[in-house]
Amino acid sequence: MNNKIQSQHLSLPAYIYLRQSTLRQLLHHQESTQRQYALQDKARELGWSAHLIRVLDGDLGQSGSSAAAATREDFKTLVADVSMGKVGAIFALEASRLSRSSADWHRLLELAAIGGTLIIDEDGCYDPSDFNDQLLLGLKGTMSQAELHFMRARLQGGRLNKARRGELRTSLAAGFVYDESGRIVLDPDQQVRHIVHQLFDSFRQTGSAYAVAHDFADKGLLFPKRIHGGPWGGKLQWERLSTSRARSVLKNPVYAGVYAFGQRRYTRRPDADGKLRRHSRILPAESWTVKIDDHHPAYIGWPMFLENQAMLRKNQPAGGQTPVPGPAREGRGLLQGLMLCGHCGRRVGVRYEGDGGKNCRYMCNRLHSEGLARRACMSLSADPLDQAVSLRGLEVMQPMQIDIALKAMEQLHRQQEAVNRQWQLRVERAEYEAALAQRRYEKVDPANRLVAATLENHWNEALAELDRLRKEYEHRQQAGAMSAQEQEAVRRLAHDLPALWNAPTTQARDRKRILRLLIKDITVERLDNPRRAMLHVRWQGGACEDIVVPLKHPFGNGLRYPAELVQRVRQMADSMYDGQIAAELNRRGMRSATGRPFNSEMIRSVRHSRSVPRPQFRRSDELTVREMRDRFGVGLFVVYYWIKQGIVSARRESAGSAWLISLNPEKEAALKRWVEQSPQLNGQKASTAQKPS
C-alpha cells in the first residue's frame, strides 16, 4: 500500500470520476470507457471497501474544456463533497482529465488540499497538501492546457492553410457540386440550376425573402436540397421553400463565385443563469478570414450580391428610430416607409382603422409614447397624400411611358416562360423516375414475387405521381393563359400608364415599389390656417420639390357644425363673447345637430375647429392678470387679492371672461412701494409696510 494512503483516507469514500468529451468518443472509443470503469478494481486493491467506492459517470459525453463545466452535475457533486471533506480519494485515468479548465483544476486542488483528499491516476498517488505533489499536479494541469492549445492550433492551422488555397471542402449549397478533381462546379442537373436562377429573379422582382417564399408557393415551385453524408448522401430532395431558406441562399457568397472562410466570429458570454453560451456574429466581407473572388462558376455577380445584401438590410425592422424605408408591404398606404416627421425627424408609421382596415392614416406618435410631448406629432388621412404623390409620380414617368409598357410586357412574358420551364423540368424528372421504376420491375425474376410486388408498387406510385404533375401543370397553364382579347386589353392598358396605375389588378405593393424607384424620402409637415400638409419630396436623383396637399376637416365636424352655423359664429365673434353668441343663436331659435340649445362650450368648439379668433375688447391701457404678475414680480394670488379687495380697478365682459386691470401712474407707484416694503412679498424684515392708498 502506498504510504500516502492513511486510515482516514480509507474510511472515506473513493470517487471514480469518468469523463469523455463527446458522444462520438463515447460511441467509438469504448476501450477508454472500460479502462475508467476498471479503476474500481484499483481502488479495492489500494484498500477501499466496495461499499465506499462511488462511480460518477453522469458527465460522459460532456466537454470540460471551458468554464461551461457548470453544466456537469457530477463534477459539481465532486467539488461540493471535496470541499466538505467527505472524499478520501479521487480516481481518474489522468489527473488532468478531471477538468480541462485551469480555473476549475486549481480550485479543485485547493479544496482537496484543505479537505485532505488524495488524487490517484495511473502514474501515481498525489497529496495536494504536499508541496511537491501540488507542484507536480499544477504542472500536469498546465501541460493539459498547453496540449489543448497545440492540438487546436494544429487542426485550425491546417484547415486555415487549406482554406487560403480555396481547397477546404465543406458542405456545398444547392446548385453546386464537386467534380472528380475536387473543384466546385455548377450542378449538372438542369432543373436545379434553373430553380436557383428563378429564386434570384424572384428576389429582384419582389424585393424581400418573405415575398420570394410566397411567390414560389403561389406558383407551386419547390427548391432542391442535397443530402450530405449518411447512406443517402448525394441524393437530391425537393421541398417547399421557406423564408429562412430563401434568406440563407441570398446571403451565401458562394452563388457570386466567391470562396469565403471565416464569415462569422464566435464568442462566449454568460447568460442570466451564469452558463456560458456560444454566440456568433456575421462579419462584413472585408473582415472575412479568406475571400477568393472568381473561385468557381457563379449564378450572380458580386455587385448584384452586394445589392441583395443592401436590400435585405433595408428589410429589417428599424423600429421607427432611423429613416430606413423597409420592405414594400401589402397595405394600402403607398407612402409607407418613405415619410419622415417634420417635427421630430422620426419615421412616420401607418395605422389601419375601420372595417377590415379600410381606412389608412399616417401617424407619428413617437414623442408622445416616450412621454416627451402631450400629443402626437401628426395624424393624417392617407388618401389625399397618396393621391397627390401618385399624380406627381405619373407626371414624372409620362415621358418614359412607352419604355415602361414594353419592359412590363417583356417581364410578364419572361416570368411565364420561367415558370413553365420549371414545371416542364419537373414533369421530365417524374417521367425519368417512372421509367426507372419500370426498368427495375422488368429486370426482376417474375418467380420472385416478394421483390416483384414491391417494385410493382414503386412503379405504380411513380406513374401516379407523374399523372398528378401533368394534371397540375395543365391546370396552371389554363389558369395563367390569357385569351387574345385579354392580351390586347393588357397591351392597351400598358400604354395608358394612369389607367394601369389605377387598375384593380395592380397591387398596392407594386405601386409602392414603383414610387420607391422614384422617391428617396418625403418629409411631411402639418400646417393650420388653412389646414394643409406640406410634403418635401426628395427624388432619387437628388432633386427636391414641395407639394401642398389641402386637408379636409374631420367628417364629424361637418355634421356638428354646418357651414351656415360657422358663418354666423364668424360674423358675431368680432363683437361678442362665446356665451353671448350662444344666447343670440338660441334667441333666433337655432339648435345644435343633436337638437340641444347652444352654450359657450359649443361655440368655443366651433371656433377651435374652424380657426375663428376670439373677440378682443381690451383697451390699450389695460393689463391682464399675468401681465400684472410679471410687472410687479408677485404671484397670481396677490393680483387676485388686489382685485377682490378693490385695491386695483378691474373689469371683465362676462362671468367666464378674463380680468382686465386699469392702472394710472400714481396707482402703479403705490403698488411698487407696497411690494418693496412688504416682508411677505420680498422676504425682507420691514415694519413700515403700509397698505397703498
# chains A, B, ... in the order shown; residues from 1 in each chain; ligands from 1
$ residues_around --residues "segment 293-302 of chain A" --least-positions-apart "4" --cutoff "12 Å" --atoms "only C-alpha atoms" --output "PyMOL selection string"
chain A and resi 163-167+174-179+182-187+192-201+204+249-260+285+306-309
$ write_last_selection --atoms "C-alpha atoms" --output "PDB file, in the first residue's frame"
ATOM      1  CA  ALA A 163      -8.861  27.340 -46.938  1.00  0.00           C
ATOM      2  CA  ARG A 164      -6.397  30.018 -48.100  1.00  0.00           C
ATOM      3  CA  ARG A 165      -5.781  27.891 -51.193  1.00  0.00           C
ATOM      4  CA  GLY A 166      -9.549  27.505 -51.665  1.00  0.00           C
ATOM      5  CA  GLU A 167      -9.299  23.721 -51.269  1.00  0.00           C
ATOM      6  CA  ALA A 174     -27.869  23.835 -53.504  1.00  0.00           C
ATOM      7  CA  GLY A 175     -26.826  24.389 -57.107  1.00  0.00           C
ATOM      8  CA  PHE A 176     -23.152  23.347 -56.683  1.00  0.00           C
ATOM      9  CA  VAL A 177     -21.288  20.022 -56.620  1.00  0.00           C
ATOM     10  CA  TYR A 178     -17.664  18.848 -56.529  1.00  0.00           C
ATOM     11  CA  ASP A 179     -16.263  17.350 -59.719  1.00  0.00           C
ATOM     12  CA  GLY A 182     -12.474  18.356 -56.158  1.00  0.00           C
ATOM     13  CA  ARG A 183     -13.338  21.656 -57.852  1.00  0.00           C
ATOM     14  CA  ILE A 184     -16.647  23.448 -57.281  1.00  0.00           C
ATOM     15  CA  VAL A 185     -18.836  23.429 -60.391  1.00  0.00           C
ATOM     16  CA  LEU A 186     -22.460  24.146 -61.174  1.00  0.00           C
ATOM     17  CA  ASP A 187     -24.864  21.295 -60.552  1.00  0.00           C
ATOM     18  CA  VAL A 192     -31.547  22.616 -60.099  1.00  0.00           C
ATOM     19  CA  ARG A 193     -29.711  25.345 -61.989  1.00  0.00           C
ATOM     20  CA  HIS A 194     -32.938  26.745 -63.384  1.00  0.00           C
ATOM     21  CA  ILE A 195     -34.686  26.964 -59.999  1.00  0.00           C
ATOM     22  CA  VAL A 196     -31.688  28.760 -58.433  1.00  0.00           C
ATOM     23  CA  HIS A 197     -31.817  31.367 -61.201  1.00  0.00           C
ATOM     24  CA  GLN A 198     -35.573  31.589 -60.633  1.00  0.00           C
ATOM     25  CA  LEU A 199     -35.014  32.418 -56.935  1.00  0.00           C
ATOM     26  CA  PHE A 200     -32.683  35.330 -57.685  1.00  0.00           C
ATOM     27  CA  ASP A 201     -35.025  36.637 -60.403  1.00  0.00           C
ATOM     28  CA  ARG A 204     -35.205  41.186 -57.893  1.00  0.00           C
ATOM     29  CA  VAL A 249     -29.429  31.443 -50.257  1.00  0.00           C
ATOM     30  CA  LEU A 250     -29.481  35.196 -50.816  1.00  0.00           C
ATOM     31  CA  LYS A 251     -26.799  35.753 -48.143  1.00  0.00           C
ATOM     32  CA  ASN A 252     -24.458  32.993 -49.329  1.00  0.00           C
ATOM     33  CA  PRO A 253     -21.475  34.423 -51.291  1.00  0.00           C
ATOM     34  CA  VAL A 254     -20.846  31.071 -52.983  1.00  0.00           C
ATOM     35  CA  TYR A 255     -23.576  31.966 -55.506  1.00  0.00           C
ATOM     36  CA  ALA A 256     -21.488  35.002 -56.521  1.00  0.00           C
ATOM     37  CA  GLY A 257     -18.464  32.794 -57.316  1.00  0.00           C
ATOM     38  CA  VAL A 258     -16.660  33.748 -54.077  1.00  0.00           C
ATOM     39  CA  TYR A 259     -14.916  31.244 -51.839  1.00  0.00           C
ATOM     40  CA  ALA A 260     -15.319  32.506 -48.269  1.00  0.00           C
ATOM     41  CA  ALA A 285     -16.897  40.998 -46.263  1.00  0.00           C
ATOM     42  CA  LEU A 306     -23.903  43.389 -52.620  1.00  0.00           C
ATOM     43  CA  GLU A 307     -27.154  44.946 -53.858  1.00  0.00           C
ATOM     44  CA  ASN A 308     -29.076  41.960 -52.480  1.00  0.00           C
ATOM     45  CA  GLN A 309     -27.404  42.348 -49.085  1.00  0.00           C
TER      46      GLN A 309
END
$ residues_around --residues "Thr117 of chain A" --least-positions-apart "4" --cutoff "9 Å" --atoms "only C-alpha atoms" --output "MDAnalysis selection string"
chainID A and resid 9 82 85:90 111:113 127:129
$ closest_residue --among "A:Ala503, A:Ile522, A:Val419, A:Arg268" --to "Asp386 of chain A" --atoms "only C-alpha atoms"
A:Ile522
$ residues_around --residues "segment 660-665 of chain A" --least-positions-apart "6" --cutoff "8 Å" --atoms "only C-alpha atoms" --output "NGL selection string"
:A and (618 or 621-625 or 648-652)
$ write_last_selection --atoms "N, CA and C atoms" --output "PDB file, in the first residue's frame"
ATOM      1  N   ARG A 618     -60.186  94.607 -25.265  1.00  0.00           N
ATOM      2  CA  ARG A 618     -59.216  95.166 -24.326  1.00  0.00           C
ATOM      3  C   ARG A 618     -58.722  96.529 -24.802  1.00  0.00           C
ATOM      4  N   ASP A 621     -54.673 100.668 -22.406  1.00  0.00           N
ATOM      5  CA  ASP A 621     -54.077 100.916 -21.094  1.00  0.00           C
ATOM      6  C   ASP A 621     -54.410  99.817 -20.089  1.00  0.00           C
ATOM      7  N   GLU A 622     -55.015  98.705 -20.512  1.00  0.00           N
ATOM      8  CA  GLU A 622     -55.416  97.625 -19.610  1.00  0.00           C
ATOM      9  C   GLU A 622     -54.412  96.484 -19.647  1.00  0.00           C
ATOM     10  N   LEU A 623     -54.275  95.844 -18.482  1.00  0.00           N
ATOM     11  CA  LEU A 623     -53.347  94.725 -18.326  1.00  0.00           C
ATOM     12  C   LEU A 623     -54.115  93.489 -17.888  1.00  0.00           C
ATOM     13  N   THR A 624     -53.611  92.298 -18.303  1.00  0.00           N
ATOM     14  CA  THR A 624     -54.190  91.040 -17.828  1.00  0.00           C
ATOM     15  C   THR A 624     -53.570  90.674 -16.484  1.00  0.00           C
ATOM     16  N   VAL A 625     -54.102  89.626 -15.862  1.00  0.00           N
ATOM     17  CA  VAL A 625     -53.596  89.180 -14.560  1.00  0.00           C
ATOM     18  C   VAL A 625     -52.148  88.731 -14.685  1.00  0.00           C
ATOM     19  N   VAL A 648     -57.151  97.557  -6.926  1.00  0.00           N
ATOM     20  CA  VAL A 648     -56.971  97.970  -8.311  1.00  0.00           C
ATOM     21  C   VAL A 648     -58.345  97.956  -8.976  1.00  0.00           C
ATOM     22  N   SER A 649     -58.445  98.736 -10.043  1.00  0.00           N
ATOM     23  CA  SER A 649     -59.682  98.799 -10.811  1.00  0.00           C
ATOM     24  C   SER A 649     -59.629  97.746 -11.905  1.00  0.00           C
ATOM     25  N   ALA A 650     -60.587  96.794 -11.881  1.00  0.00           N
ATOM     26  CA  ALA A 650     -60.591  95.687 -12.839  1.00  0.00           C
ATOM     27  C   ALA A 650     -62.006  95.457 -13.347  1.00  0.00           C
ATOM     28  N   ARG A 651     -62.087  94.928 -14.561  1.00  0.00           N
ATOM     29  CA  ARG A 651     -63.385  94.615 -15.150  1.00  0.00           C
ATOM     30  C   ARG A 651     -63.243  93.358 -16.009  1.00  0.00           C
ATOM     31  N   ARG A 652     -64.400  92.761 -16.351  1.00  0.00           N
ATOM     32  CA  ARG A 652     -64.448  91.692 -17.330  1.00  0.00           C
ATOM     33  C   ARG A 652     -65.804  91.710 -18.011  1.00  0.00           C
TER      34      ARG A 652
END
$ select_by_dssp --residues "segment 564-655 of chain A" --states "strand (DSSP E or B)" --output "VMD selection string"
chain A and resid 622 to 623 649 to 651
$ write_last_selection --atoms "N, CA and C atoms" --output "short mmCIF file (atom, residue, chain, number, x, y, z; two decimals), in the first residue's frame"
data_model
loop_
_atom_site.label_atom_id
_atom_site.label_comp_id
_atom_site.auth_asym_id
_atom_site.auth_seq_id
_atom_site.Cartn_x
_atom_site.Cartn_y
_atom_site.Cartn_z
N GLU A 622 -55.02 98.70 -20.51
CA GLU A 622 -55.42 97.63 -19.61
C GLU A 622 -54.41 96.48 -19.65
N LEU A 623 -54.27 95.84 -18.48
CA LEU A 623 -53.35 94.72 -18.33
C LEU A 623 -54.12 93.49 -17.89
N SER A 649 -58.44 98.74 -10.04
CA SER A 649 -59.68 98.80 -10.81
C SER A 649 -59.63 97.75 -11.90
N ALA A 650 -60.59 96.79 -11.88
CA ALA A 650 -60.59 95.69 -12.84
C ALA A 650 -62.01 95.46 -13.35
N ARG A 651 -62.09 94.93 -14.56
CA ARG A 651 -63.38 94.62 -15.15
C ARG A 651 -63.24 93.36 -16.01
#
$ atom_distance --atom1 "atom CA of Val566 of chain A" --atom2 "atom CA of Arg596 of chain A"
16.6 Å
$ atom_distance --atom1 "atom CA of Glu545 of chain A" --atom2 "atom CA of Ala388 of chain A"
12.6 Å
$ decode --residues "segment 105-116 of chain A" --atoms "N, CA and C atoms" --output "PDB file, in the first residue's frame"
ATOM      1  N   TRP A 105      -9.520  23.388 -12.319  1.00  0.00           N
ATOM      2  CA  TRP A 105      -8.486  22.466 -11.870  1.00  0.00           C
ATOM      3  C   TRP A 105      -7.807  22.982 -10.596  1.00  0.00           C
ATOM      4  N   HIS A 106      -7.382  24.232 -10.593  1.00  0.00           N
ATOM      5  CA  HIS A 106      -6.688  24.780  -9.427  1.00  0.00           C
ATOM      6  C   HIS A 106      -7.644  24.964  -8.251  1.00  0.00           C
ATOM      7  N   ARG A 107      -8.905  25.236  -8.508  1.00  0.00           N
ATOM      8  CA  ARG A 107      -9.876  25.317  -7.411  1.00  0.00           C
ATOM      9  C   ARG A 107     -10.057  23.945  -6.764  1.00  0.00           C
ATOM     10  N   LEU A 108     -10.099  22.904  -7.592  1.00  0.00           N
ATOM     11  CA  LEU A 108     -10.241  21.548  -7.050  1.00  0.00           C
ATOM     12  C   LEU A 108      -9.008  21.161  -6.237  1.00  0.00           C
ATOM     13  N   LEU A 109      -7.810  21.523  -6.717  1.00  0.00           N
ATOM     14  CA  LEU A 109      -6.588  21.211  -5.963  1.00  0.00           C
ATOM     15  C   LEU A 109      -6.593  21.917  -4.607  1.00  0.00           C
ATOM     16  N   GLU A 110      -7.016  23.167  -4.595  1.00  0.00           N
ATOM     17  CA  GLU A 110      -7.037  23.920  -3.340  1.00  0.00           C
ATOM     18  C   GLU A 110      -8.013  23.308  -2.343  1.00  0.00           C
ATOM     19  N   LEU A 111      -9.179  22.916  -2.797  1.00  0.00           N
ATOM     20  CA  LEU A 111     -10.172  22.302  -1.914  1.00  0.00           C
ATOM     21  C   LEU A 111      -9.701  20.929  -1.441  1.00  0.00           C
ATOM     22  N   ALA A 112      -9.051  20.165  -2.345  1.00  0.00           N
ATOM     23  CA  ALA A 112      -8.547  18.844  -1.954  1.00  0.00           C
ATOM     24  C   ALA A 112      -7.447  18.969  -0.904  1.00  0.00           C
ATOM     25  N   ALA A 113      -6.605  20.000  -1.008  1.00  0.00           N
ATOM     26  CA  ALA A 113      -5.553  20.207  -0.013  1.00  0.00           C
ATOM     27  C   ALA A 113      -6.147  20.545   1.345  1.00  0.00           C
ATOM     28  N   ILE A 114      -7.220  21.342   1.352  1.00  0.00           N
ATOM     29  CA  ILE A 114      -7.859  21.699   2.622  1.00  0.00           C
ATOM     30  C   ILE A 114      -8.564  20.495   3.230  1.00  0.00           C
ATOM     31  N   GLY A 115      -9.248  19.703   2.421  1.00  0.00           N
ATOM     32  CA  GLY A 115     -10.016  18.565   2.933  1.00  0.00           C
ATOM     33  C   GLY A 115      -9.202  17.299   3.101  1.00  0.00           C
ATOM     34  N   GLY A 116      -7.944  17.287   2.689  1.00  0.00           N
ATOM     35  CA  GLY A 116      -7.112  16.097   2.842  1.00  0.00           C
ATOM     36  C   GLY A 116      -7.468  14.991   1.868  1.00  0.00           C
TER      37      GLY A 116
END
